[in-house]
Structures are given as structure tokens and as C-alpha cells.
>>> print(open('protein.cif').read())   # mmCIF, C-alpha atoms and all ligand atoms
data_coords
#
loop_
_atom_site.group_PDB
_atom_site.id
_atom_site.type_symbol
_atom_site.label_atom_id
_atom_site.label_comp_id
_atom_site.auth_asym_id
_atom_site.auth_seq_id
_atom_site.Cartn_x
_atom_site.Cartn_y
_atom_site.Cartn_z
ATOM 1 C CA MET A 23 0.000 0.000 0.000
ATOM 2 C CA LYS A 24 1.355 3.426 -0.957
ATOM 3 C CA ILE A 25 0.710 6.243 1.502
ATOM 4 C CA LEU A 26 1.377 9.911 0.841
ATOM 5 C CA ILE A 27 1.625 12.259 3.828
ATOM 6 C CA THR A 28 1.365 16.062 3.611
ATOM 7 C CA GLY A 29 2.767 18.324 6.337
ATOM 8 C CA ALA A 30 5.328 15.639 7.153
ATOM 9 C CA ALA A 31 7.674 18.036 8.932
ATOM 10 C CA GLY A 32 4.919 19.010 11.394
ATOM 11 C CA GLN A 33 4.235 17.550 14.807
ATOM 12 C CA LEU A 34 1.709 14.927 13.702
ATOM 13 C CA GLY A 35 3.028 14.498 10.134
ATOM 14 C CA LYS A 36 6.461 13.501 11.387
ATOM 15 C CA GLU A 37 5.058 11.017 13.911
ATOM 16 C CA LEU A 38 2.895 9.513 11.163
ATOM 17 C CA SER A 39 5.852 9.230 8.786
ATOM 18 C CA ILE A 40 8.017 7.451 11.353
ATOM 19 C CA TYR A 41 5.251 5.197 12.651
ATOM 20 C CA LEU A 42 3.962 4.155 9.221
ATOM 21 C CA ASN A 43 7.482 3.602 7.917
ATOM 22 C CA SER A 44 7.952 1.018 10.651
ATOM 23 C CA GLN A 45 4.928 -0.993 9.475
ATOM 24 C CA GLN A 46 5.201 -3.917 7.090
ATOM 25 C CA LYS A 47 3.974 -3.675 3.500
ATOM 26 C CA LEU A 48 3.638 0.094 3.456
ATOM 27 C CA GLU A 49 5.478 2.421 1.140
ATOM 28 C CA VAL A 50 5.491 5.887 2.701
ATOM 29 C CA PHE A 51 5.977 9.096 0.709
ATOM 30 C CA ALA A 52 6.298 11.920 3.228
ATOM 31 C CA PHE A 53 6.452 15.557 2.119
ATOM 32 C CA GLY A 54 7.013 18.720 4.123
ATOM 33 C CA LYS A 55 6.203 22.206 2.851
ATOM 34 C CA GLU A 56 9.583 22.585 1.107
ATOM 35 C CA ASN A 57 8.870 19.629 -1.177
ATOM 36 C CA LEU A 58 5.119 19.836 -1.412
ATOM 37 C CA ASN A 59 3.556 23.223 -0.894
ATOM 38 C CA ILE A 60 -0.118 22.349 -1.045
ATOM 39 C CA ILE A 61 -1.197 25.754 -2.315
ATOM 40 C CA ASN A 62 0.484 24.948 -5.650
ATOM 41 C CA PHE A 63 -2.181 23.028 -7.592
ATOM 42 C CA SER A 64 -0.003 21.718 -10.430
ATOM 43 C CA LEU A 65 2.742 20.623 -8.054
ATOM 44 C CA VAL A 66 0.242 18.646 -5.971
ATOM 45 C CA ASP A 67 -1.465 17.218 -9.050
ATOM 46 C CA ASP A 68 1.790 16.160 -10.767
ATOM 47 C CA LEU A 69 3.230 14.545 -7.654
ATOM 48 C CA VAL A 70 0.071 12.622 -6.851
ATOM 49 C CA GLN A 71 -0.197 11.437 -10.477
ATOM 50 C CA LYS A 72 3.428 10.271 -10.354
ATOM 51 C CA ILE A 73 3.158 8.392 -7.047
ATOM 52 C CA ARG A 74 -0.455 7.203 -7.405
ATOM 53 C CA PRO A 75 -0.912 6.619 -3.665
ATOM 54 C CA ASP A 76 -3.635 4.364 -2.306
ATOM 55 C CA VAL A 77 -4.067 6.684 0.672
ATOM 56 C CA ILE A 78 -3.313 10.363 1.268
ATOM 57 C CA ILE A 79 -3.035 11.561 4.853
ATOM 58 C CA HIS A 80 -3.498 15.307 4.704
ATOM 59 C CA SER A 81 -1.889 16.664 7.870
ATOM 60 C CA ALA A 82 -0.520 19.943 6.458
ATOM 61 C CA ALA A 83 -2.318 23.008 7.736
ATOM 62 C CA TYR A 84 -1.956 26.618 8.713
ATOM 63 C CA THR A 85 -2.037 26.030 12.487
ATOM 64 C CA LYS A 86 -1.154 29.428 13.987
ATOM 65 C CA VAL A 87 -4.475 30.030 15.733
ATOM 66 C CA ASP A 88 -3.846 33.620 16.892
ATOM 67 C CA GLN A 89 -1.937 34.696 13.782
ATOM 68 C CA ALA A 90 -4.831 33.473 11.613
ATOM 69 C CA GLU A 91 -6.994 36.310 12.944
ATOM 70 C CA ILE A 92 -4.818 38.842 11.118
ATOM 71 C CA ASP A 93 -3.597 36.554 8.343
ATOM 72 C CA LYS A 94 -7.018 35.317 7.264
ATOM 73 C CA ASP A 95 -6.197 34.954 3.568
ATOM 74 C CA THR A 96 -3.260 32.641 4.253
ATOM 75 C CA ALA A 97 -5.311 30.529 6.678
ATOM 76 C CA TYR A 98 -7.982 29.973 3.990
ATOM 77 C CA GLU A 99 -5.444 29.654 1.195
ATOM 78 C CA VAL A 100 -3.790 26.716 2.976
ATOM 79 C CA ASN A 101 -6.649 25.126 4.925
ATOM 80 C CA ALA A 102 -9.396 25.539 2.326
ATOM 81 C CA TYR A 103 -7.807 25.814 -1.133
ATOM 82 C CA GLY A 104 -4.710 23.780 -0.257
ATOM 83 C CA THR A 105 -7.120 21.080 0.856
ATOM 84 C CA ARG A 106 -9.077 21.514 -2.404
ATOM 85 C CA ASN A 107 -5.874 20.816 -4.334
ATOM 86 C CA ILE A 108 -5.239 17.644 -2.352
ATOM 87 C CA CYS A 109 -8.860 16.531 -2.830
ATOM 88 C CA VAL A 110 -8.862 16.988 -6.610
ATOM 89 C CA ALA A 111 -5.584 15.086 -6.952
ATOM 90 C CA ALA A 112 -6.738 12.300 -4.585
ATOM 91 C CA GLU A 113 -9.979 11.810 -6.473
ATOM 92 C CA LYS A 114 -8.207 11.548 -9.862
ATOM 93 C CA VAL A 115 -6.173 8.555 -8.659
ATOM 94 C CA SER A 116 -9.055 7.142 -6.526
ATOM 95 C CA ALA A 117 -7.036 7.468 -3.329
ATOM 96 C CA LYS A 118 -8.643 7.321 0.075
ATOM 97 C CA LEU A 119 -8.218 10.668 1.832
ATOM 98 C CA ILE A 120 -7.693 11.217 5.537
ATOM 99 C CA TYR A 121 -8.164 14.878 6.446
ATOM 100 C CA ILE A 122 -6.945 15.863 9.909
ATOM 101 C CA SER A 123 -9.335 18.338 11.484
ATOM 102 C CA THR A 124 -9.912 19.948 14.836
ATOM 103 C CA ASP A 125 -12.145 20.367 17.903
ATOM 104 C CA TYR A 126 -12.106 24.086 17.031
ATOM 105 C CA VAL A 127 -14.894 23.462 14.494
ATOM 106 C CA PHE A 128 -17.199 23.658 17.551
ATOM 107 C CA ASP A 129 -18.101 26.818 19.468
ATOM 108 C CA GLY A 130 -17.614 25.253 22.903
ATOM 109 C CA THR A 131 -20.918 26.411 24.378
ATOM 110 C CA SER A 132 -22.064 22.842 25.081
ATOM 111 C CA SER A 133 -21.530 21.166 28.424
ATOM 112 C CA ILE A 134 -21.644 17.657 27.029
ATOM 113 C CA ALA A 135 -19.126 16.128 24.618
ATOM 114 C CA TYR A 136 -19.733 16.881 20.921
ATOM 115 C CA ASN A 137 -20.356 13.899 18.670
ATOM 116 C CA GLU A 138 -19.548 13.654 14.976
ATOM 117 C CA PHE A 139 -23.097 14.614 13.951
ATOM 118 C CA ASP A 140 -23.399 17.711 16.129
ATOM 119 C CA ARG A 141 -23.678 21.090 14.483
ATOM 120 C CA THR A 142 -20.366 22.841 13.955
ATOM 121 C CA ASN A 143 -19.977 26.567 14.599
ATOM 122 C CA PRO A 144 -16.332 27.650 14.669
ATOM 123 C CA ILE A 145 -15.584 30.876 16.536
ATOM 124 C CA ASN A 146 -12.164 31.789 15.176
ATOM 125 C CA VAL A 147 -10.572 32.077 11.728
ATOM 126 C CA TYR A 148 -8.461 28.929 12.144
ATOM 127 C CA GLY A 149 -11.552 26.880 13.063
ATOM 128 C CA LYS A 150 -13.568 28.378 10.208
ATOM 129 C CA SER A 151 -10.831 27.661 7.668
ATOM 130 C CA LYS A 152 -10.460 24.059 8.887
ATOM 131 C CA LYS A 153 -14.245 23.635 8.649
ATOM 132 C CA ALA A 154 -14.079 25.004 5.103
ATOM 133 C CA GLY A 155 -11.509 22.252 4.433
ATOM 134 C CA GLU A 156 -13.909 19.635 5.843
ATOM 135 C CA ASP A 157 -16.716 20.870 3.564
ATOM 136 C CA ILE A 158 -14.438 20.709 0.538
ATOM 137 C CA VAL A 159 -13.376 17.152 1.412
ATOM 138 C CA GLN A 160 -17.009 16.098 1.718
ATOM 139 C CA SER A 161 -17.974 17.633 -1.606
ATOM 140 C CA LEU A 162 -14.997 16.536 -3.705
ATOM 141 C CA VAL A 163 -13.799 13.170 -2.406
ATOM 142 C CA SER A 164 -15.660 9.852 -2.652
ATOM 143 C CA ARG A 165 -13.724 7.922 -0.035
ATOM 144 C CA TYR A 166 -12.798 10.085 2.913
ATOM 145 C CA PHE A 167 -12.131 10.021 6.619
ATOM 146 C CA ILE A 168 -12.270 13.300 8.530
ATOM 147 C CA VAL A 169 -10.368 12.817 11.777
ATOM 148 C CA ARG A 170 -10.967 15.566 14.336
ATOM 149 C CA THR A 171 -8.476 15.728 17.149
ATOM 150 C CA SER A 172 -7.473 18.172 19.914
ATOM 151 C CA TRP A 173 -4.694 19.478 22.180
ATOM 152 C CA VAL A 174 -1.992 17.529 20.334
ATOM 153 C CA TYR A 175 1.501 16.916 21.739
ATOM 154 C CA GLY A 176 4.394 14.685 20.741
ATOM 155 C CA PHE A 177 8.135 14.633 20.161
ATOM 156 C CA TYR A 178 8.295 16.678 16.998
ATOM 157 C CA GLY A 179 6.983 20.174 17.599
ATOM 158 C CA ASN A 180 6.013 22.956 19.906
ATOM 159 C CA ASN A 181 3.216 21.994 22.204
ATOM 160 C CA PHE A 182 1.734 22.670 25.621
ATOM 161 C CA VAL A 183 3.713 19.951 27.427
ATOM 162 C CA ASN A 184 7.058 21.290 26.227
ATOM 163 C CA THR A 185 6.003 24.888 26.875
ATOM 164 C CA MET A 186 5.077 24.080 30.489
ATOM 165 C CA LEU A 187 8.311 22.183 31.128
ATOM 166 C CA ASN A 188 10.361 25.017 29.614
ATOM 167 C CA LEU A 189 8.497 27.686 31.635
ATOM 168 C CA ALA A 190 9.121 25.687 34.806
ATOM 169 C CA LYS A 191 12.869 26.051 34.246
ATOM 170 C CA GLU A 192 12.538 29.846 34.389
ATOM 171 C CA LYS A 193 9.646 30.542 36.782
ATOM 172 C CA ASP A 194 8.527 29.638 40.286
ATOM 173 C CA GLU A 195 4.884 30.314 39.480
ATOM 174 C CA ILE A 196 2.835 29.942 36.282
ATOM 175 C CA LYS A 197 -0.761 30.993 35.640
ATOM 176 C CA VAL A 198 -2.766 28.525 33.542
ATOM 177 C CA VAL A 199 -6.324 28.799 32.240
ATOM 178 C CA ASN A 200 -8.821 26.701 34.162
ATOM 179 C CA ASP A 201 -12.035 27.377 32.239
ATOM 180 C CA GLN A 202 -11.273 25.750 28.877
ATOM 181 C CA HIS A 203 -11.802 21.996 28.689
ATOM 182 C CA GLY A 204 -10.613 19.510 26.095
ATOM 183 C CA ALA A 205 -8.741 16.252 25.603
ATOM 184 C CA PRO A 206 -4.952 16.117 25.338
ATOM 185 C CA THR A 207 -3.842 13.803 22.525
ATOM 186 C CA TYR A 208 -0.513 12.049 22.076
ATOM 187 C CA THR A 209 0.617 11.972 18.427
ATOM 188 C CA LEU A 210 1.715 8.323 18.669
ATOM 189 C CA ASP A 211 -1.746 7.185 19.795
ATOM 190 C CA LEU A 212 -3.330 9.210 17.020
ATOM 191 C CA ALA A 213 -0.918 7.751 14.437
ATOM 192 C CA ARG A 214 -1.807 4.223 15.600
ATOM 193 C CA PHE A 215 -5.525 4.972 15.280
ATOM 194 C CA ILE A 216 -5.087 6.496 11.814
ATOM 195 C CA TYR A 217 -3.202 3.381 10.705
ATOM 196 C CA THR A 218 -6.082 1.161 11.893
ATOM 197 C CA LEU A 219 -8.604 3.402 10.163
ATOM 198 C CA LEU A 220 -6.877 3.703 6.789
ATOM 199 C CA LYS A 221 -6.941 -0.056 6.240
ATOM 200 C CA THR A 222 -10.749 -0.053 6.345
ATOM 201 C CA GLU A 223 -13.576 1.231 4.198
ATOM 202 C CA LEU A 224 -15.494 2.586 7.186
ATOM 203 C CA TYR A 225 -15.531 6.132 5.849
ATOM 204 C CA GLY A 226 -16.886 9.155 7.664
ATOM 205 C CA ILE A 227 -16.100 11.651 10.400
ATOM 206 C CA TYR A 228 -14.193 10.401 13.446
ATOM 207 C CA HIS A 229 -13.440 12.122 16.730
ATOM 208 C CA ALA A 230 -10.056 10.802 17.812
ATOM 209 C CA THR A 231 -8.460 12.167 20.975
ATOM 210 C CA ASN A 232 -7.105 10.430 24.031
ATOM 211 C CA SER A 233 -10.009 9.511 26.319
ATOM 212 C CA GLY A 234 -11.186 11.608 29.261
ATOM 213 C CA TYR A 235 -10.790 15.374 29.433
ATOM 214 C CA CYS A 236 -9.426 18.175 31.590
ATOM 215 C CA SER A 237 -8.766 21.908 31.723
ATOM 216 C CA TRP A 238 -5.389 23.354 30.698
ATOM 217 C CA PHE A 239 -4.773 23.914 34.437
ATOM 218 C CA GLU A 240 -5.399 20.237 35.218
ATOM 219 C CA PHE A 241 -3.262 19.232 32.242
ATOM 220 C CA ALA A 242 -0.374 21.377 33.525
ATOM 221 C CA ASN A 243 -0.755 20.020 37.071
ATOM 222 C CA THR A 244 -0.595 16.454 35.788
ATOM 223 C CA ILE A 245 2.529 17.193 33.716
ATOM 224 C CA PHE A 246 4.260 18.632 36.785
ATOM 225 C CA SER A 247 3.128 15.866 39.088
ATOM 226 C CA ILE A 248 4.415 13.122 36.737
ATOM 227 C CA THR A 249 7.752 14.903 36.299
ATOM 228 C CA ASN A 250 8.084 15.934 39.985
ATOM 229 C CA THR A 251 8.331 19.568 38.955
ATOM 230 C CA ASN A 252 7.979 21.976 41.879
ATOM 231 C CA THR A 253 6.861 25.114 40.030
ATOM 232 C CA LYS A 254 3.518 26.324 41.383
ATOM 233 C CA ILE A 255 0.554 26.528 38.999
ATOM 234 C CA LEU A 256 -2.170 29.088 39.641
ATOM 235 C CA PRO A 257 -5.567 28.735 37.965
ATOM 236 C CA CYS A 258 -6.777 31.720 35.968
ATOM 237 C CA SER A 259 -9.691 32.474 33.644
ATOM 238 C CA THR A 260 -9.721 33.028 29.884
ATOM 239 C CA GLU A 261 -10.428 36.718 30.605
ATOM 240 C CA ASP A 262 -7.165 36.945 32.609
ATOM 241 C CA PHE A 263 -5.239 35.720 29.583
ATOM 242 C CA PRO A 264 -6.571 37.618 26.519
ATOM 243 C CA ARG A 265 -5.560 36.219 23.125
ATOM 244 C CA PRO A 266 -6.326 37.473 19.597
ATOM 245 C CA ALA A 267 -8.398 34.359 18.738
ATOM 246 C CA SER A 268 -11.360 33.208 20.834
ATOM 247 C CA ARG A 269 -11.126 29.620 22.047
ATOM 248 C CA PRO A 270 -14.035 27.239 22.656
ATOM 249 C CA LYS A 271 -14.578 26.834 26.417
ATOM 250 C CA TYR A 272 -15.578 23.197 26.143
ATOM 251 C CA SER A 273 -14.417 21.227 23.121
ATOM 252 C CA VAL A 274 -14.530 17.696 24.451
ATOM 253 C CA LEU A 275 -15.226 15.243 21.611
ATOM 254 C CA ASP A 276 -17.450 12.199 22.039
ATOM 255 C CA HIS A 277 -16.007 9.205 20.152
ATOM 256 C CA MET A 278 -19.314 8.018 18.745
ATOM 257 C CA SER A 279 -17.910 6.862 15.380
ATOM 258 C CA ILE A 280 -15.129 4.882 17.064
ATOM 259 C CA ARG A 281 -17.796 3.191 19.206
ATOM 260 C CA LEU A 282 -20.324 2.510 16.463
ATOM 261 C CA ASN A 283 -17.726 1.137 14.059
ATOM 262 C CA ASN A 284 -16.205 -1.114 16.742
ATOM 263 C CA PHE A 285 -12.744 0.393 16.801
ATOM 264 C CA GLU A 286 -10.666 0.235 19.952
ATOM 265 C CA ASP A 287 -10.813 3.605 21.709
ATOM 266 C CA LEU A 288 -7.689 5.625 22.409
ATOM 267 C CA ARG A 289 -6.407 5.214 25.959
ATOM 268 C CA HIS A 290 -6.942 7.741 28.759
ATOM 269 C CA TRP A 291 -4.950 10.958 28.337
ATOM 270 C CA LYS A 292 -3.160 10.495 31.682
ATOM 271 C CA ASP A 293 -1.826 7.056 30.645
ATOM 272 C CA ALA A 294 -0.656 8.436 27.310
ATOM 273 C CA LEU A 295 1.002 11.417 29.011
ATOM 274 C CA LYS A 296 2.843 9.160 31.470
ATOM 275 C CA ASP A 297 4.222 7.094 28.583
ATOM 276 C CA TYR A 298 5.246 10.176 26.627
ATOM 277 C CA LEU A 299 7.040 11.737 29.600
ATOM 278 C CA LYS A 300 8.777 8.442 30.419
ATOM 279 C CA ILE A 301 10.227 8.206 26.890
ATOM 280 C CA LYS A 302 10.986 11.939 26.738
ATOM 281 C CA LYS A 303 13.305 11.795 29.807
HETATM 282 N N1 LIG B 1 -1.729 20.857 17.286
HETATM 283 C C1 LIG B 1 -2.965 20.690 17.734
HETATM 284 O O1 LIG B 1 -3.243 20.840 18.934
HETATM 285 C C2 LIG B 1 -4.059 20.294 16.774
HETATM 286 C C3 LIG B 1 -5.366 20.146 17.298
HETATM 287 C C4 LIG B 1 -6.379 19.768 16.421
HETATM 288 C C5 LIG B 1 -6.122 19.520 15.091
HETATM 289 N N2 LIG B 1 -4.854 19.691 14.603
HETATM 290 C C6 LIG B 1 -4.635 19.433 13.183
HETATM 291 O O2 LIG B 1 -3.665 18.415 13.080
HETATM 292 C C7 LIG B 1 -2.903 18.560 11.888
HETATM 293 C C8 LIG B 1 -1.426 18.527 12.231
HETATM 294 O O3 LIG B 1 -1.133 19.609 13.106
HETATM 295 P P1 LIG B 1 0.244 19.718 13.863
HETATM 296 O O4 LIG B 1 -0.022 19.833 15.310
HETATM 297 O O5 LIG B 1 1.163 18.642 13.376
HETATM 298 O O6 LIG B 1 0.699 21.160 13.363
HETATM 299 P P2 LIG B 1 2.094 21.633 12.750
HETATM 300 O O7 LIG B 1 3.201 21.080 13.573
HETATM 301 O O8 LIG B 1 1.965 23.112 12.596
HETATM 302 O O9 LIG B 1 2.124 20.920 11.333
HETATM 303 C C9 LIG B 1 1.510 21.438 10.186
HETATM 304 C C10 LIG B 1 2.519 21.396 9.083
HETATM 305 O O10 LIG B 1 1.897 21.886 7.895
HETATM 306 C C11 LIG B 1 2.864 22.670 7.224
HETATM 307 N N3 LIG B 1 2.287 23.591 6.262
HETATM 308 C C12 LIG B 1 1.803 24.850 6.458
HETATM 309 N N4 LIG B 1 1.457 25.402 5.293
HETATM 310 C C13 LIG B 1 1.734 24.494 4.325
HETATM 311 C C14 LIG B 1 1.620 24.476 2.930
HETATM 312 N N5 LIG B 1 1.167 25.552 2.253
HETATM 313 N N6 LIG B 1 1.998 23.366 2.248
HETATM 314 C C15 LIG B 1 2.465 22.301 2.901
HETATM 315 N N7 LIG B 1 2.632 22.248 4.224
HETATM 316 C C16 LIG B 1 2.246 23.335 4.939
HETATM 317 C C17 LIG B 1 3.585 23.412 8.339
HETATM 318 O O11 LIG B 1 4.824 23.922 7.879
HETATM 319 P P3 LIG B 1 5.386 25.318 8.481
HETATM 320 O O12 LIG B 1 5.378 25.154 9.972
HETATM 321 O O13 LIG B 1 6.737 25.410 7.864
HETATM 322 O O14 LIG B 1 4.440 26.389 8.033
HETATM 323 C C18 LIG B 1 3.733 22.296 9.372
HETATM 324 O O15 LIG B 1 4.932 21.572 9.170
HETATM 325 C C19 LIG B 1 -3.364 19.895 11.270
HETATM 326 O O16 LIG B 1 -4.280 19.612 10.246
HETATM 327 C C20 LIG B 1 -4.061 20.607 12.417
HETATM 328 O O17 LIG B 1 -5.065 21.485 11.937
HETATM 329 C C21 LIG B 1 -3.819 20.061 15.434
#
>>> encode(input="protein.cif", output="C-alpha cells")
Amino acid sequence: MKILITGAAGQLGKELSIYLNSQQKLEVFAFGKENLNIINFSLVDDLVQKIRPDVIIHSAAYTKVDQAEIDKDTAYEVNAYGTRNICVAAEKVSAKLIYISTDYVFDGTSSIAYNEFDRTNPINVYGKSKKAGEDIVQSLVSRYFIVRTSWVYGFYGNNFVNTMLNLAKEKDEIKVVNDQHGAPTYTLDLARFIYTLLKTELYGIYHATNSGYCSWFEFANTIFSITNTNTKILPCSTEDFPRPASRPKYSVLDHMSIRLNNFEDLRHWKDALKDYLKIKK
């Protein structure tokens, strides 16, 4: 099976490339932005025609959530039209497409976990542009998986876990938001799930995060408790920490599609975090 990965230099793309390369009977073609800029239609089209992958995992995205508020055109250029380019090319070679999407397609006003069939209503430019990408996938591709995830961390990028551990080296006290809830997700667990999914024909939208949920404050506390870090964490509210882009207050994702299609659920976020921090040492 030939698999093409976009955004392969990113946090998830790199994990996917390494994990899938270690599997038997897979030929992995992994491209970062330097080799495959997805906004270039003919480049995408030519490369996909040449490789003729069975599966495309589209992990490339404009992911700077705050910057997107002032750089709207680029966010849509990459997340909507870049995705269009991937979709057109995938469809021409009848490849399955896996589009990585986000919990930020929801507005976060619910107090119960969102399932795959709940109404989306993104509240920032990043979320809106990723939702535009989802709509394009659904209108242009016959065989697709949309995999929504959240609060991603792993070995290959900037993320909350690394930020907290770095801040702890410099500060005795850190304020962390306690009124936004979501599910931390370890890239390796997500890569394993995507591998299981891509071998099937059980197409559709999937919510794939580690199980359970927490606030950023609880997430930070757990990171420090596992690593025996003494820096004090003080809870604060979203209003205490103003950012250019609004964030959903509650973006916990119910894994209804995983359940109904009899896939094994991803493990609890605390177990995943413990494993990650053990290997990271
Ligand atoms: N991180 C999270 O918490 C999170 C949560 C939910 C969903 N997601 C989704 O998960 C996927 C992977 O995210 P990630 O955490 O791995 O983010 P990431 O580390 O920022 O990876 C995205 C990659 O896409 C690349 N890219 C940007 N513009 C491109 C273009 N025009 N052509 C080709 N590549 C381009 C980026 O390159 P440059 O950095 O050089 O621009 C980066 O290497 C994305 O679809 C994201 O929307 C992430």
C-alpha cells in the first residue's frame, strides 16, 4: 500500500511518517512544505499522479491560531484551497483521503461532549478555515475520513507539554487557564488509530483524541506531578489571559464513530502522558 503524507515536517506528520514507515507492507511518501507546498495546484497534481498513492493523509495546515486572525487569507489559502488541491488530486487517482481536522470546528458552548453529527460553529478564523476544508473534502472526495483531534503533543513540535516544562525552568509560578476543557492527545496514539482506520472502508467523520478530558490547568498540574516539577501553577480564567483568537470553552469530543464502528478507543490521556514523559526523559 502506498501512503502519501502532507505536512510531514509538522508535529503529527512527522510522527505519522516514522510510525507508518515502521509498518510492514507500506510504502510511505512523506512531504514537508519545502517539497510539497499544497497551495500549488499543479505541483500537488503532478506529484500525486506520479506516485499514485492508495491513501493520502493530509496533515498539512496553517495552524497558527492567533496569527490566523490577522492573516485570514493565508489561513484559507492553505486550509481551504490547499485542501481543495489535495482533494482533486486524490480523487483523480481514486485514493482514500484522511483529512486531519480539529475540535475548534465547535463553538464550545455545550456542556456535554460533541459527537460527529453535532452542528459545527467555529468561533475563530483557524476553526472556520479548517471547517471550510472539511466541507471541501465532503464535496470533492468519494472515499474520505475526517479525523478531528485536539490538544496535540508529541516529540516533533512545539506543544503545551514542552512549553510548560520550559516555563518551569525559568519561573517559580505559572498561571494557567482553568475554564477551557478539552482532551490532550498524544501523536503516537493518534498515528496508531489512523493506521487502523486507513486499512478499512469505514468512511466518515471520526473524533479521535485520548479519552477523558481536563482543563489546561489540570493538564499542567498532571505534567508537573508526573515529572516531579515543583513550580507552582495558579488557575486563571480566559479573561485573565486575553488572546487574539477566541477559544471554545468546552471542546470535548465524544467518540461516537469509534464506538459505532467497533474500533478500539484511544487510551486515557493520563496514561498516554505518562508514557510520553517516560520516553521523553
Ligand atoms: N496541534 C494541535 O493541537 C491540533 C489540534 C487539532 C487539530 N490539529 C490538526 O492536526 C494537523 C497537524 O497539526 P500539527 O499539530 O502537526 O501542526 P504543525 O506542527 O503546525 O504541522 C503542520 C505542518 O503543515 C505545514 N504547512 C503549512 N502550510 C503548508 C503548505 N502551504 N503546504 C504544505 N505544508 C504546509 C507546516 O509547515 P510550516 O510550519 O513550515 O508552516 C507544518 O509543518 C493539522 O491539520 C491541524 O489542523 C492540530
>>> atom_distance(input="protein.cif", atom1="CA of Tyr228 (chain A)", atom2="CA of Pro75 (chain A)")
22.0 Å
>>> closest_atom_pairs(input="protein.cif", of="chain A", to="ligand LIG 1 (chain B)", cutoff="9 Å", atoms="all atoms listed in the file", output="tab-separated table")
residue	atom	partner	partner_atom	distance
A:Thr28	CA	B:LIG1	N7	6.3
A:Gly29	CA	B:LIG1	O10	4.0
A:Ala30	CA	B:LIG1	O15	6.3
A:Ala31	CA	B:LIG1	O15	4.5
A:Gly32	CA	B:LIG1	O9	3.4
A:Gln33	CA	B:LIG1	O5	3.6
A:Leu34	CA	B:LIG1	O5	3.8
A:Gly35	CA	B:LIG1	O5	5.6
A:Lys36	CA	B:LIG1	O5	7.6
A:Glu37	CA	B:LIG1	O5	8.6
A:Phe53	CA	B:LIG1	C15	7.9
A:Gly54	CA	B:LIG1	N7	5.6
A:Lys55	CA	B:LIG1	C15	3.7
A:Glu56	CA	B:LIG1	C15	7.3
A:Asn57	CA	B:LIG1	C15	8.0
A:Leu58	CA	B:LIG1	C15	5.6
A:Asn59	CA	B:LIG1	N6	3.5
A:Ile60	CA	B:LIG1	N6	4.0
A:Ile61	CA	B:LIG1	N5	5.1
A:Asn62	CA	B:LIG1	N5	8.0
A:His80	CA	B:LIG1	O16	7.1
A:Ser81	CA	B:LIG1	O16	4.5
A:Ala82	CA	B:LIG1	O10	3.4
A:Ala83	CA	B:LIG1	O10	4.4
A:Tyr84	CA	B:LIG1	C12	4.7
A:Thr85	CA	B:LIG1	O8	5.0
A:Lys86	CA	B:LIG1	O8	7.2
A:Thr96	CA	B:LIG1	N5	8.6
A:Ala97	CA	B:LIG1	N4	8.6
A:Glu99	CA	B:LIG1	N5	7.9
A:Val100	CA	B:LIG1	N5	5.1
A:Asn101	CA	B:LIG1	O16	8.0
A:Gly104	CA	B:LIG1	N5	6.6
A:Tyr121	CA	B:LIG1	O16	7.2
A:Ile122	CA	B:LIG1	O16	4.6
A:Ser123	CA	B:LIG1	C5	5.0
A:Thr124	CA	B:LIG1	C5	3.8
A:Asp125	CA	B:LIG1	C4	6.0
A:Tyr126	CA	B:LIG1	C4	7.2
A:Tyr148	CA	B:LIG1	O17	8.2
A:Gly149	CA	B:LIG1	O17	8.5
A:Lys152	CA	B:LIG1	O17	6.7
A:Val169	CA	B:LIG1	C5	8.6
A:Arg170	CA	B:LIG1	C5	6.3
A:Thr171	CA	B:LIG1	C4	4.6
A:Ser172	CA	B:LIG1	C3	3.9
A:Trp173	CA	B:LIG1	O1	3.8
A:Val174	CA	B:LIG1	O1	3.8
A:Tyr175	CA	B:LIG1	O1	6.8
A:Gly176	CA	B:LIG1	O4	8.7
A:Tyr178	CA	B:LIG1	O7	7.6
A:Gly179	CA	B:LIG1	O7	5.6
A:Asn180	CA	B:LIG1	O7	7.2
A:Asn181	CA	B:LIG1	N1	7.1
A:Phe182	CA	B:LIG1	O1	8.5
A:Pro206	CA	B:LIG1	O1	8.1
A:Thr207	CA	B:LIG1	O1	7.9
A:Thr209	CA	B:LIG1	O5	8.4
>>> atom_distance(input="protein.cif", atom1="CA of Val183 (chain A)", atom2="CA of Ser39 (chain A)")
21.6 Å
>>> resolve_selection(input="protein.cif", expression="the PyMOL selection byres (((chain A and resi 24) around 12) and not hetatm)", output="list in words")
Met23, Ile25, Leu26, Ile27, Leu42, Asn43, Gln45, Gln46, Lys47, Leu48, Glu49, Val50, Phe51, Ala52, Val70, Lys72, Ile73, Arg74, Pro75, Asp76, Val77, Ile78, Ile79, Val115, Ala117, Lys118, Leu220 and Lys221 of chain A
>>> closest_residue(input="protein.cif", among="A:Ile301, A:Leu219, A:Ala242, A:Ile108", to="Ser279 (chain A)", atoms="only C-alpha atoms")
A:Leu219
>>> closest_residue(input="protein.cif", among="A:Ser273, A:Asn243, A:Ser151, A:Ser133", to="Ala90 (chain A)", atoms="only C-alpha atoms")
A:Ser151
>>> resolve_selection(input="protein.cif", expression="the PyMOL selection byres (((chain A and resi 192-201) around 12) and not hetatm)", output="PyMOL selection string")
chain A and resi 130-131+133+182+185-191+202-204+236-243+246+251-265+269-273
>>> resolve_selection(input="protein.cif", expression="the PyMOL selection byres (((chain A and resi 135) around 7) and not hetatm)", output="MDAnalysis selection string")
chainID A and resid 133:134 136:137 274:276
>>> atom_distance(input="protein.cif", atom1="CA of Ala213 (chain A)", atom2="CA of His277 (chain A)")
16.2 Å
>>> closest_residue(input="protein.cif", among="A:Lys114, A:Lys292, A:Asn107, A:Asp93", to="Ser247 (chain A)", atoms="only C-alpha atoms")
A:Lys292
>>> closest_residue(input="protein.cif", among="A:Asp287, A:Asp95, A:Glu156, A:Asp129", to="Asn143 (chain A)", atoms="only C-alpha atoms")
A:Asp129
>>> closest_residue(input="protein.cif", among="A:Leu282, A:Ile245, A:Cys109, A:Ala294", to="Thr231 (chain A)", atoms="all atoms listed in the file")
A:Ala294
>>> residues_around(input="protein.cif", residues="Arg289 (chain A)", least_positions_apart="4", cutoff="12 Å", atoms="all atoms listed in the file", output="list in words")
Ala205, Pro206, Thr207, Tyr208, Leu210, Asp211, Leu212, Arg214, Phe215, Ala230, Thr231, Asn232, Ser233, Gly234, Tyr235, His277, Asp293, Ala294, Leu295, Lys296 and Asp297 of chain A
>>> residues_around(input="protein.cif", residues="Val159 (chain A)", least_positions_apart="3", cutoff="9 Å", atoms="all atoms listed in the file", output="list in words")
Thr105, Arg106, Ile108, Cys109, Leu119, Tyr121, Ala154, Gly155, Glu156, Leu162, Val163, Ser164, Tyr166, Phe167 and Ile168 of chain A
